[in-house]
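Visitor: I'm passing along input.cif; it holds mmCIF, C-alpha atoms.
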data_protein
loop_
_atom_site.label_atom_id
_atom_site.label_comp_id
_atom_site.auth_asym_id
_atom_site.auth_seq_id
_atom_site.Cartn_x
_atom_site.Cartn_y
_atom_site.Cartn_z
CA MET X 1 -30.13 -4.24 43.32
CA GLU X 2 -29.68 -1.80 46.24
CA LEU X 3 -26.33 -0.04 45.86
CA LYS X 4 -26.59 2.55 48.64
CA LEU X 5 -25.32 1.34 52.03
CA GLN X 6 -26.38 2.06 55.60
CA THR X 7 -23.92 2.37 58.49
CA GLY X 8 -25.31 0.21 61.29
CA TYR X 9 -23.60 -2.76 62.97
CA LYS X 10 -25.78 -5.24 61.04
CA GLN X 11 -24.69 -3.76 57.69
CA ILE X 12 -21.03 -3.75 58.78
CA LEU X 13 -21.09 -7.40 59.84
CA GLY X 14 -23.13 -8.40 56.79
CA MET X 15 -20.41 -7.06 54.55
CA ALA X 16 -17.32 -7.97 56.60
CA LEU X 17 -18.02 -11.61 57.50
CA PRO X 18 -18.24 -12.90 53.89
CA ILE X 19 -15.06 -10.93 53.12
CA SER X 20 -13.32 -12.54 56.08
CA LEU X 21 -14.22 -15.97 54.73
CA ALA X 22 -12.85 -15.00 51.32
CA ILE X 23 -9.59 -13.89 52.97
CA PHE X 24 -9.49 -16.96 55.22
CA VAL X 25 -9.39 -19.42 52.34
CA PRO X 26 -6.17 -18.08 50.71
CA GLN X 27 -4.53 -18.08 54.14
CA ILE X 28 -5.48 -21.73 54.50
CA ASN X 29 -3.83 -22.28 51.11
CA PHE X 30 -0.61 -20.64 52.34
CA ILE X 31 -0.62 -22.73 55.50
CA THR X 32 -1.41 -25.93 53.58
CA ASN X 33 1.54 -25.29 51.27
CA ASN X 34 3.85 -24.81 54.22
CA VAL X 35 2.57 -27.79 56.21
CA PHE X 36 3.10 -30.09 53.22
CA LEU X 37 6.49 -28.52 52.40
CA SER X 38 7.63 -28.85 56.02
CA GLY X 39 7.45 -32.61 55.49
CA LEU X 40 10.32 -32.25 53.01
CA GLY X 41 12.65 -30.66 55.59
CA GLU X 42 13.60 -27.48 57.43
CA LYS X 43 15.31 -25.90 54.39
CA GLU X 44 12.19 -26.35 52.29
CA LEU X 45 10.11 -24.68 55.00
CA ALA X 46 12.68 -21.87 55.15
CA SER X 47 12.68 -21.44 51.34
CA ALA X 48 8.88 -21.31 51.36
CA GLY X 49 9.10 -18.17 53.51
CA ILE X 50 11.09 -16.25 50.91
CA THR X 51 9.12 -17.55 47.91
CA GLY X 52 5.88 -16.71 49.64
CA VAL X 53 6.90 -13.14 50.35
CA TYR X 54 8.37 -12.72 46.84
CA TYR X 55 5.07 -13.70 45.21
CA LEU X 56 3.27 -11.58 47.77
CA ILE X 57 5.12 -8.51 46.45
CA PHE X 58 3.31 -8.92 43.13
CA ALA X 59 0.08 -10.15 44.72
CA VAL X 60 -0.31 -6.99 46.79
CA ILE X 61 0.19 -4.84 43.69
CA GLY X 62 -3.04 -6.49 42.55
CA ASN X 63 -4.52 -5.67 45.94
CA GLY X 64 -3.57 -2.03 45.48
CA LEU X 65 -5.34 -1.97 42.12
CA ASN X 66 -8.26 -3.80 43.72
CA ASN X 67 -8.60 -1.33 46.60
CA GLY X 68 -8.41 1.71 44.34
CA LEU X 69 -10.98 0.24 41.98
CA GLN X 70 -13.12 -0.86 44.91
CA ALA X 71 -13.25 2.70 46.26
CA LEU X 72 -14.26 3.99 42.81
CA ILE X 73 -16.95 1.33 42.38
CA ALA X 74 -18.30 1.98 45.89
CA ARG X 75 -18.43 5.72 45.14
CA ARG X 76 -20.43 5.06 41.94
CA ALA X 77 -22.67 2.68 43.89
CA GLY X 78 -23.36 5.44 46.42
CA GLN X 79 -24.19 7.71 43.47
CA ASN X 80 -26.41 4.92 42.01
CA LEU X 81 -24.58 4.77 38.65
CA PRO X 82 -24.53 1.03 37.71
CA LYS X 83 -23.31 1.48 34.11
CA GLU X 84 -20.32 3.47 35.35
CA ILE X 85 -19.49 0.50 37.59
CA GLY X 86 -19.43 -1.72 34.50
CA ARG X 87 -17.05 0.67 32.72
CA LEU X 88 -14.70 0.73 35.69
CA PHE X 89 -14.62 -3.06 35.93
CA PHE X 90 -14.02 -3.55 32.20
CA HIS X 91 -11.03 -1.20 32.16
CA GLY X 92 -9.72 -2.53 35.47
CA VAL X 93 -9.44 -6.04 34.04
CA TRP X 94 -7.24 -4.90 31.14
CA ILE X 95 -5.04 -2.81 33.40
CA ALA X 96 -4.59 -5.84 35.68
CA LEU X 97 -3.50 -8.07 32.80
CA GLY X 98 -0.95 -5.48 31.67
CA ILE X 99 0.57 -5.25 35.15
CA ALA X 100 0.67 -9.06 35.41
CA ALA X 101 2.66 -9.30 32.16
CA LEU X 102 5.13 -6.76 33.55
CA GLY X 103 5.49 -8.79 36.76
CA ILE X 104 6.33 -11.94 34.83
CA ALA X 105 8.95 -10.09 32.77
CA ILE X 106 10.57 -8.57 35.88
CA THR X 107 10.79 -12.00 37.53
CA TYR X 108 12.55 -13.63 34.60
CA ILE X 109 14.93 -10.72 33.95
CA PHE X 110 15.92 -9.54 37.43
CA ALA X 111 14.87 -12.02 40.15
CA PRO X 112 17.64 -14.65 39.71
CA THR X 113 20.43 -12.08 40.03
CA ILE X 114 18.89 -10.27 43.00
CA LEU X 115 18.01 -13.45 44.93
CA ARG X 116 21.43 -15.07 44.43
CA ALA X 117 23.11 -11.86 45.62
CA THR X 118 21.03 -11.54 48.78
CA ILE X 119 20.44 -15.13 49.99
CA HIS X 120 23.49 -16.62 51.73
CA ASP X 121 22.64 -20.32 51.38
CA PRO X 122 23.12 -21.40 47.70
CA GLU X 123 20.71 -24.33 48.06
CA ILE X 124 17.93 -22.11 49.41
CA ALA X 125 18.65 -19.54 46.68
CA THR X 126 18.29 -22.17 43.93
CA GLN X 127 15.04 -23.49 45.41
CA VAL X 128 13.59 -19.99 45.68
CA ILE X 129 14.51 -19.02 42.10
CA ASN X 130 13.20 -22.23 40.50
CA PHE X 131 9.95 -22.03 42.44
CA SER X 132 9.41 -18.32 41.66
CA MET X 133 9.90 -18.88 37.90
CA ILE X 134 6.96 -21.28 37.98
CA ARG X 135 4.74 -19.56 40.54
CA ILE X 136 4.79 -16.17 38.80
CA TRP X 137 2.65 -17.56 35.95
CA GLY X 138 -0.29 -17.55 38.33
CA LEU X 139 -0.19 -13.75 38.47
CA PRO X 140 -2.67 -13.02 35.62
CA LEU X 141 -5.14 -15.43 37.20
CA LEU X 142 -4.70 -13.84 40.61
CA TYR X 143 -5.19 -10.32 39.26
CA LEU X 144 -8.40 -11.24 37.45
CA TYR X 145 -9.50 -12.88 40.68
CA VAL X 146 -9.00 -9.70 42.74
CA MET X 147 -10.89 -7.68 40.12
CA ARG X 148 -14.02 -9.61 40.94
CA ASN X 149 -13.31 -8.79 44.63
CA ALA X 150 -13.43 -5.10 43.77
CA LEU X 151 -16.73 -5.59 41.95
CA LEU X 152 -18.48 -7.76 44.52
CA VAL X 153 -17.28 -5.87 47.60
CA GLY X 154 -17.77 -2.44 46.02
CA THR X 155 -21.39 -3.28 45.16
CA ASN X 156 -22.23 -5.07 48.45
CA GLN X 157 -22.38 -8.54 46.84
CA THR X 158 -19.92 -10.11 49.30
CA ARG X 159 -22.03 -13.23 49.85
CA PHE X 160 -20.90 -14.53 46.46
CA LEU X 161 -17.19 -14.38 47.39
CA VAL X 162 -17.25 -17.76 49.10
CA TRP X 163 -17.81 -19.88 45.98
CA GLY X 164 -14.59 -19.02 44.20
CA THR X 165 -12.46 -19.13 47.32
CA LEU X 166 -13.90 -22.48 48.40
CA ALA X 167 -13.20 -24.02 44.99
CA GLU X 168 -9.65 -22.65 45.10
CA ALA X 169 -9.00 -24.02 48.59
CA VAL X 170 -10.20 -27.55 47.88
CA THR X 171 -8.22 -27.70 44.62
CA ASN X 172 -5.06 -26.39 46.29
CA ILE X 173 -5.15 -28.87 49.18
CA VAL X 174 -5.74 -31.86 46.92
CA LEU X 175 -3.10 -30.88 44.37
CA ASP X 176 -0.55 -29.91 47.02
CA TYR X 177 -0.74 -33.41 48.45
CA GLY X 178 -0.66 -34.89 44.96
CA PHE X 179 2.12 -32.87 43.32
CA ILE X 180 4.49 -32.56 46.32
CA TYR X 181 4.46 -36.24 47.30
CA GLY X 182 3.27 -37.94 44.10
CA HIS X 183 -0.18 -39.15 45.17
CA PHE X 184 -3.39 -39.62 43.11
CA GLY X 185 -1.28 -40.73 40.13
CA LEU X 186 0.37 -37.31 39.86
CA PRO X 187 4.16 -36.85 39.48
CA ALA X 188 6.15 -36.24 42.69
CA LEU X 189 7.49 -32.74 42.04
CA GLY X 190 8.65 -31.98 45.58
CA PHE X 191 9.10 -28.30 46.46
CA ASN X 192 7.99 -27.04 43.01
CA GLY X 193 4.81 -29.10 43.24
CA ALA X 194 3.31 -26.43 45.49
CA ALA X 195 3.79 -23.85 42.72
CA TYR X 196 1.89 -25.91 40.14
CA ALA X 197 -0.86 -26.70 42.65
CA SER X 198 -1.35 -23.01 43.49
CA ILE X 199 -1.57 -21.95 39.84
CA ILE X 200 -4.19 -24.58 39.01
CA ALA X 201 -6.12 -23.70 42.17
CA GLU X 202 -6.18 -20.00 41.20
CA ALA X 203 -7.46 -20.90 37.75
CA THR X 204 -10.21 -23.04 39.30
CA GLY X 205 -11.33 -20.29 41.68
CA LEU X 206 -11.35 -17.78 38.85
CA LEU X 207 -13.54 -19.92 36.61
CA VAL X 208 -16.00 -20.64 39.41
CA ILE X 209 -16.47 -17.03 40.52
CA TYR X 210 -16.94 -15.70 37.00
CA ALA X 211 -19.46 -18.49 36.39
CA VAL X 212 -21.33 -17.33 39.51
CA ILE X 213 -21.29 -13.72 38.28
CA HIS X 214 -22.75 -14.91 34.94
CA ILE X 215 -25.36 -17.27 36.45
CA LYS X 216 -26.58 -14.64 38.93
CA GLY X 217 -26.88 -12.09 36.13
CA ILE X 218 -24.57 -9.59 37.84
CA HIS X 219 -22.95 -8.84 34.48
CA LYS X 220 -26.33 -7.63 33.17
CA SER X 221 -26.88 -5.24 36.08
CA PHE X 222 -23.70 -3.36 35.21
CA ALA X 223 -23.91 -3.61 31.41
CA PHE X 224 -20.61 -5.47 30.99
CA LEU X 225 -21.48 -6.48 27.44
CA GLU X 226 -21.85 -2.84 26.42
CA GLN X 227 -18.18 -2.15 27.19
CA ALA X 228 -16.61 -2.68 23.78
CA HIS X 229 -13.96 0.04 23.51
CA PHE X 230 -11.23 1.65 25.55
CA ASP X 231 -11.83 4.99 27.22
CA PHE X 232 -8.46 6.35 28.29
CA SER X 233 -10.08 8.80 30.67
CA VAL X 234 -11.37 5.83 32.68
CA VAL X 235 -7.94 4.16 32.53
CA LYS X 236 -6.39 7.39 33.80
CA LEU X 237 -8.94 7.65 36.62
CA ILE X 238 -8.26 4.07 37.79
CA LEU X 239 -4.48 4.50 37.60
CA VAL X 240 -4.52 7.87 39.37
CA GLN X 241 -6.62 6.37 42.16
CA SER X 242 -4.82 3.01 42.36
CA SER X 243 -1.17 3.78 41.60
CA PRO X 244 -0.44 5.28 45.04
CA LEU X 245 -1.99 2.17 46.61
CA ILE X 246 -0.01 -0.12 44.30
CA LEU X 247 3.20 1.63 45.34
CA GLN X 248 2.07 1.58 48.96
CA TYR X 249 1.53 -2.18 48.99
CA ALA X 250 4.63 -2.90 46.91
CA ILE X 251 7.02 -1.03 49.19
CA SER X 252 5.32 -2.55 52.22
CA ILE X 253 5.92 -6.11 51.07
CA MET X 254 9.38 -5.34 49.66
CA SER X 255 10.28 -4.19 53.16
CA TRP X 256 8.99 -7.53 54.44
CA GLU X 257 11.21 -9.33 51.90
CA PHE X 258 14.10 -7.23 53.25
CA PHE X 259 13.11 -8.40 56.72
CA TYR X 260 13.11 -12.06 55.64
CA ILE X 261 16.50 -11.74 53.96
CA LEU X 262 17.93 -10.35 57.21
CA ILE X 263 16.25 -13.20 59.10
CA GLU X 264 17.93 -15.69 56.72
CA HIS X 265 21.28 -14.37 57.91
CA HIS X 266 20.36 -15.76 61.35
CA GLY X 267 20.08 -19.33 60.02
CA ALA X 268 17.58 -21.76 58.55
CA GLU X 269 15.70 -22.32 61.82
CA SER X 270 15.13 -18.59 62.33
CA LEU X 271 13.84 -18.32 58.76
CA ALA X 272 11.59 -21.35 59.22
CA ILE X 273 10.18 -19.91 62.47
CA SER X 274 9.52 -16.58 60.75
CA ASN X 275 7.74 -18.36 57.91
CA THR X 276 5.37 -19.99 60.41
CA MET X 277 4.84 -16.55 61.97
CA ARG X 278 3.85 -15.19 58.57
CA ASN X 279 1.25 -17.93 58.31
CA ILE X 280 -0.04 -17.39 61.84
CA PHE X 281 -0.07 -13.60 61.41
CA GLY X 282 -1.86 -13.89 58.08
CA LEU X 283 -4.48 -16.24 59.51
CA SER X 284 -4.93 -14.10 62.62
CA GLY X 285 -5.42 -10.97 60.53
CA ILE X 286 -8.30 -12.17 58.37
CA PHE X 287 -10.93 -10.29 60.35
CA ALA X 288 -8.80 -7.15 60.56
CA TRP X 289 -8.36 -7.09 56.77
CA ALA X 290 -12.04 -7.89 56.24
CA PHE X 291 -13.11 -4.94 58.37
CA ALA X 292 -10.49 -2.81 56.62
CA SER X 293 -11.97 -3.67 53.22
CA THR X 294 -15.45 -2.98 54.61
CA THR X 295 -14.25 0.43 55.81
CA ASN X 296 -12.91 1.31 52.36
CA THR X 297 -16.21 0.45 50.67
CA MET X 298 -18.60 1.88 53.26
CA VAL X 299 -16.72 5.16 53.70
CA SER X 300 -16.57 5.70 49.93
CA ASN X 301 -20.22 4.71 49.49
CA ILE X 302 -21.66 7.06 52.11
CA ILE X 303 -19.45 9.92 50.88
CA GLY X 304 -20.94 9.22 47.43
CA GLN X 305 -24.36 9.62 49.03
CA GLY X 306 -23.33 13.00 50.44
CA ARG X 307 -23.32 11.77 54.07
CA GLN X 308 -19.79 12.89 55.04
CA ASP X 309 -20.80 13.80 58.58
CA GLU X 310 -21.48 10.10 59.31
CA VAL X 311 -17.95 8.94 58.44
CA MET X 312 -16.37 9.26 61.91
CA GLY X 313 -19.22 7.42 63.61
CA LEU X 314 -19.03 4.63 61.03
CA ILE X 315 -15.27 4.23 61.50
CA TRP X 316 -15.55 4.00 65.29
CA ARG X 317 -18.25 1.31 64.99
CA ILE X 318 -16.02 -0.74 62.67
CA VAL X 319 -12.98 -0.25 64.97
CA LYS X 320 -14.91 -1.60 67.97
CA ILE X 321 -15.95 -4.78 66.16
CA SER X 322 -12.54 -5.31 64.55
CA CYS X 323 -10.71 -4.95 67.87
CA LEU X 324 -13.10 -7.37 69.56
CA PHE X 325 -12.24 -10.07 67.02
CA SER X 326 -8.51 -9.25 67.25
CA VAL X 327 -8.44 -9.51 71.04
CA VAL X 328 -10.13 -12.93 70.95
CA ILE X 329 -7.56 -14.17 68.41
CA SER X 330 -4.67 -12.71 70.41
CA VAL X 331 -5.80 -14.45 73.57
CA ALA X 332 -6.11 -17.76 71.70
CA LEU X 333 -2.54 -17.41 70.36
CA ASN X 334 -1.20 -16.83 73.88
CA VAL X 335 -3.16 -19.64 75.50
CA TRP X 336 -2.48 -22.31 72.85
CA PRO X 337 0.77 -21.40 71.03
CA THR X 338 2.01 -25.01 71.01
CA PHE X 339 -1.18 -26.14 69.26
CA PHE X 340 -0.69 -23.71 66.37
CA LEU X 341 3.03 -24.47 66.01
CA SER X 342 2.71 -28.26 66.21
CA PHE X 343 1.13 -28.44 62.72
CA TYR X 344 4.54 -27.81 61.16
CA GLY X 345 6.05 -30.97 62.67
CA GLN X 346 9.45 -29.42 63.46
CA GLY X 347 9.93 -30.76 67.00
CA ASP X 348 9.95 -29.43 70.56
CA GLY X 349 13.09 -27.31 70.12
CA PHE X 350 11.54 -25.46 67.21
CA ILE X 351 8.34 -24.82 69.19
CA ALA X 352 10.27 -23.58 72.24
CA HIS X 353 12.19 -21.06 70.13
CA ALA X 354 9.04 -19.95 68.28
CA ILE X 355 6.74 -19.32 71.28
CA PRO X 356 8.35 -15.97 72.31
CA VAL X 357 7.83 -14.74 68.73
CA VAL X 358 4.17 -15.79 68.90
CA ARG X 359 3.77 -13.58 71.99
CA ILE X 360 5.09 -10.58 70.05
CA VAL X 361 2.87 -11.36 67.03
CA SER X 362 -0.23 -11.71 69.23
CA VAL X 363 0.11 -8.10 70.38
CA ALA X 364 0.67 -6.96 66.78
CA VAL X 365 -2.63 -8.65 65.83
CA ILE X 366 -4.51 -6.28 68.14
CA MET X 367 -2.64 -3.28 66.75
CA MET X 368 -3.49 -4.38 63.23
CA GLY X 369 -7.16 -4.65 64.22
CA PHE X 370 -7.56 -0.90 64.61
CA SER X 371 -4.72 0.42 62.41
CA THR X 372 -5.98 -1.16 59.18
CA VAL X 373 -9.45 0.29 59.69
CA TRP X 374 -8.12 3.85 59.98
CA LEU X 375 -5.74 3.40 57.04
CA ASN X 376 -8.54 2.09 54.81
CA ALA X 377 -10.75 4.97 55.88
CA VAL X 378 -8.14 7.17 54.19
CA THR X 379 -8.43 4.96 51.09
CA GLY X 380 -12.21 5.24 51.09
CA SER X 381 -12.00 9.02 51.34
CA GLY X 382 -10.26 8.99 47.93
CA ASN X 383 -6.95 10.46 49.13
CA THR X 384 -4.71 7.60 48.05
CA VAL X 385 -1.63 9.85 47.79
CA VAL X 386 -1.98 10.33 51.55
CA ASN X 387 -2.03 6.52 51.91
CA LEU X 388 1.26 6.33 50.03
CA THR X 389 2.83 9.08 52.14
CA ILE X 390 1.81 7.37 55.38
CA GLU X 391 3.17 4.03 54.14
CA PHE X 392 6.43 5.56 52.94
CA ILE X 393 7.20 7.20 56.28
CA THR X 394 6.24 4.02 58.12
CA ILE X 395 8.47 1.83 55.94
CA ILE X 396 11.49 4.06 56.58
CA LEU X 397 10.97 3.60 60.33
CA TYR X 398 10.34 -0.13 59.91
CA CYS X 399 13.42 -0.85 57.77
CA ALA X 400 15.68 1.20 60.03
CA TYR X 401 14.43 -0.75 63.04
CA VAL X 402 14.88 -4.23 61.51
CA TYR X 403 18.34 -3.39 60.17
CA VAL X 404 19.57 -2.12 63.53
CA THR X 405 18.10 -5.01 65.53
CA LEU X 406 18.80 -7.94 63.21
CA GLU X 407 21.94 -6.91 61.29
CA TYR X 408 23.77 -4.23 63.27
CA LEU X 409 23.08 -5.43 66.83
CA ASN X 410 22.48 -9.07 65.76
CA LEU X 411 19.69 -9.47 68.34
CA PRO X 412 17.42 -12.57 68.46
CA ILE X 413 14.57 -12.65 65.94
CA THR X 414 12.05 -11.94 68.70
CA TRP X 415 13.37 -8.36 68.67
CA GLY X 416 13.12 -8.34 64.89
CA TRP X 417 9.46 -9.30 64.98
CA ALA X 418 8.77 -6.38 67.34
CA SER X 419 9.09 -4.34 64.13
CA GLU X 420 5.40 -5.14 63.63
CA TRP X 421 4.65 -2.93 66.63
CA VAL X 422 6.62 -0.09 65.05
CA TYR X 423 4.78 -0.60 61.76
CA TRP X 424 1.21 -0.67 63.03
CA ILE X 425 1.61 2.15 65.58
CA SER X 426 3.08 4.41 62.89
CA LEU X 427 0.27 3.64 60.41
CA PHE X 428 -2.42 4.21 63.00
CA THR X 429 -1.04 7.50 64.30
CA MET X 430 -0.84 9.21 60.91
CA SER X 431 -4.12 7.77 59.57
CA PHE X 432 -6.08 8.68 62.69
CA PHE X 433 -4.94 12.29 62.77
CA TYR X 434 -5.52 12.72 59.04
CA ILE X 435 -9.13 11.49 59.20
CA ARG X 436 -9.81 13.50 62.36
CA SER X 437 -8.46 16.66 60.68
CA GLY X 438 -11.30 16.57 58.11
CA ARG X 439 -8.93 17.54 55.27
CA TRP X 440 -10.40 14.71 53.18
CA LYS X 441 -13.83 16.34 52.94
CA GLY X 442 -14.74 17.58 49.48
CA LYS X 443 -12.41 15.19 47.67
CA LYS X 444 -14.06 13.97 44.43
CA ILE X 445 -13.12 10.80 42.55
#
Can you turn what I pasted into structure tokens?

Guide:
Amino acid sequence: MELKLQTGYKQILGMALPISLAIFVPQINFITNNVFLSGLGEKELASAGITGVYYLIFAVIGNGLNNGLQALIARRAGQNLPKEIGRLFFHGVWIALGIAALGIAITYIFAPTILRATIHDPEIATQVINFSMIRIWGLPLLYLYVMRNALLVGTNQTRFLVWGTLAEAVTNIVLDYGFIYGHFGLPALGFNGAAYASIIAEATGLLVIYAVIHIKGIHKSFAFLEQAHFDFSVVKLILVQSSPLILQYAISIMSWEFFYILIEHHGAESLAISNTMRNIFGLSGIFAWAFASTTNTMVSNIIGQGRQDEVMGLIWRIVKISCLFSVVISVALNVWPTFFLSFYGQGDGFIAHAIPVVRIVSVAVIMMGFSTVWLNAVTGSGNTVVNLTIEFITIILYCAYVYVTLEYLNLPITWGWASEWVYWISLFTMSFFYIRSGRWKGKKI
């Protein structure tokens, strides 16, 4: 198994395209949930926006752990140390399960009080709380799932990502239709049916991908079976590398939950429109996040090979490809906004009010295309504390903007969604100048 990467366009696309497919499938799951839930009514579609972002807070904590572990695995791959990769993966799994247990406890202890205090509509608040109490049990499955992402992406095995994500998508679509409306002999659970469908789908995807890892013998290459005891130095290494990223992602999504709570103050339609924007934005960003993940791995890998002078050239190549995909998607959103919005079945008035927001989001998609690449170059360099600092400053600017526009000035939500421009420009500016400064050179992880 070749663990050392090259930096050409073919290698970049060969890694990024399978990742984009793996990201695409969960986005299809989110959209499927919302399309089926929209059939229950506008309030259900509005509630789905808050529940989705709430779960996303915990999901991105797993992504932070994943990205930190991915950078470590890629660095060991560049150094050609396969057994060290196995040690990292073994310890990463147990750390993930511990964080998942903490997430479940936090949800049951604190979420009902916080959500009832911040959501104005009592009916929406009840729906959100009941759904979240069920959905949170999928967290251990999700975290184990992202651990295999760190392994497969960090070792350039991205072609195997598709099997688990495909199994998850098919299961989710079938069970959504069954549990929400009571088809296929399943009970009609309404809004909460989407929660049960998602949990079972995550379990299915997890089983399939670990079966693929076993069948392909990947576990043998990295000596998984030799990892029989805890090494707290490895745990410390993973946590030191990942904890800034975990905090980075957590505060990022908590700020988005703050945004959605302020949107809810503008009414159910505004919240429903913003929920569709989250789906459209998530789907539009699959290539940007795929190239971002590729940047993390490739930068860390070639630094591990001692090829630091090639980092800037690699990043610029990835930026060019990522922006090309983002521009194509942005143009499609502007040319056919009605097509994308019509799937939610909310009528012409809803579409007319949503189209101006789509225009704003389409520009943010392009900004995301280059900003995420530069931010993940910082991650790949091993300086995750810098990632956290960049995110923290950005979130202060973002939250100040959304509060002033949506709450203080009470402007239309189109102005609120322009906060994405503030967010991505801020991330890009600080990440770009940090990488260009060269202060990351010599960092060892």

Visitor: Of the candidates X:Leu427, X:Ile329, X:Val146, X:Ala364, which shows the shortest atom-to-atom distance to Ile286 (chain X), using all atoms listed in the file?

Guide: X:Ile329

Visitor: In file coordinates, which residues lie within 10 Å of (0.5, -8.1, 47.3) using only C-alpha atoms, given as a list in words?

Guide: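 Nearby residues: Val53, Tyr54, Tyr55, Leu56, Ile57, Phe58, Ala59, Val60, Ile61, Gly62, Asn63, Gly64, Leu65, Ile246, Gln248, Tyr249, Ala250, Ile251, Ser252, Ile253 and Met254 of chain X.
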
Visitor: Selection in question (the file shown): the PyMOL selection byres ((chain X and resi 287) around 8). Which residues does it include, as a PyMOL selection string?

Guide: chain X and resi 16-17+20+284-286+288-291+322+325-326+369

Visitor: So, with only C-alpha atoms as the atoms that count, which of X:Trp336, X:Phe90, X:Phe258, X:Phe30 lies closest to Asp176 (chain X)?

Guide: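 So, comparing all the options, the nearest one is X:Phe30.
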
Visitor: Going by the chain IDs and residue numbers used in this file, which residues fall under the PyMOL selection byres ((chain X and resi 52) around 12)? Write them as a ChimeraX atom specification.

Guide: /X:27,29-31,33-34,44-51,53-60,128-129,131-132,135-136,194-195,198,253-254,256-257,260,274-276,278-279,282

Visitor: Taking 6 positions as the minimum chain separation for residues in the same chain, which residues sit within 8 Å of Leu314 (chain X) when counting only C-alpha atoms? Answer as a list in words.

Guide: Thr7, Gly8 and Val299 of chain X

Visitor: Kindly provide the residues of region 253-346 of chain X that approach region 389-408 of chain X to within 7 Å, each paired with its closest atom pair and their distance in Å to one decimal, based on all atoms listed in the file, listed by chain and increasing number, as JSON lines.

Guide:
{"residue": "X:Ser255", "atom": "CA", "partner": "X:Cys399", "partner_atom": "CA", "distance": 6.5}
{"residue": "X:Phe259", "atom": "CA", "partner": "X:Val402", "partner_atom": "CA", "distance": 6.6}
{"residue": "X:Leu262", "atom": "CA", "partner": "X:Leu406", "partner_atom": "CA", "distance": 6.5}

Visitor: If you measure from CA of Glu168 (chain X) to CA of Leu142 (chain X), what distance in Å do you get, rounded to one decimal?

Guide: 11.1 Å

Visitor: Report the distance between CA of Thr204 (chain X) and CA of Asn149 (chain X) in Å, rounded to one decimal place.

Guide: 15.5 Å

Visitor: At what distance in Å, to one decimal, does CA of Ile28 (chain X) lie from CA of Leu333 (chain X)?

Guide: 16.7 Å

Visitor: Take the PyMOL selection byres ((chain X and resi 431-434) around 10), run it mentally on this structure, and tell me the resulting residues as a list in words.

Guide: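 Selected by the PyMOL selection byres ((chain X and resi 431-434) around 10) here: Phe370, Ser371, Thr372, Val373, Trp374, Leu375, Asn376, Ala377, Val378, Thr379, Val386, Asn387, Ile390, Glu391, Ser426, Leu427, Phe428, Thr429, Met430, Ile435, Arg436, Ser437, Gly438, Arg439 and Trp440 of chain X.
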
Visitor: Name the closest residue to Thr32 (chain X) among the candidates X:Ala354, X:Leu245, X:Ile173, X:Ala292; distances are taken between atoms, counting all atoms listed in the file.

Guide: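 The shortest atom-to-atom distance to Thr32 (chain X) comes from X:Ile173.
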
Visitor: Between X:Gly182, X:Val235, X:Ile119, X:Val162, which is the closest to Arg87 (chain X) once you count all atoms listed in the file?

Guide: X:Val235

Visitor: May I have the centre and edge lengths, in Å to one decimal, of an axis-aligned box around the listed atoms of region 361-374 of chain X with 3 Å added to every side, as AutoDock Vina command-line options?

Guide:
--center_x -3.3 --center_y -3.9 --center_z 64.8 --size_x 18.3 --size_y 21.6 --size_z 17.2

Visitor: Select, from X:Leu247, X:Lys441, X:His214, X:Ala272, the residue with the minimum atom-to-atom distance to Met312 (chain X), counting all atoms listed in the file.

Guide: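 Among the listed residues, X:Lys441 lies closest to Met312 (chain X).
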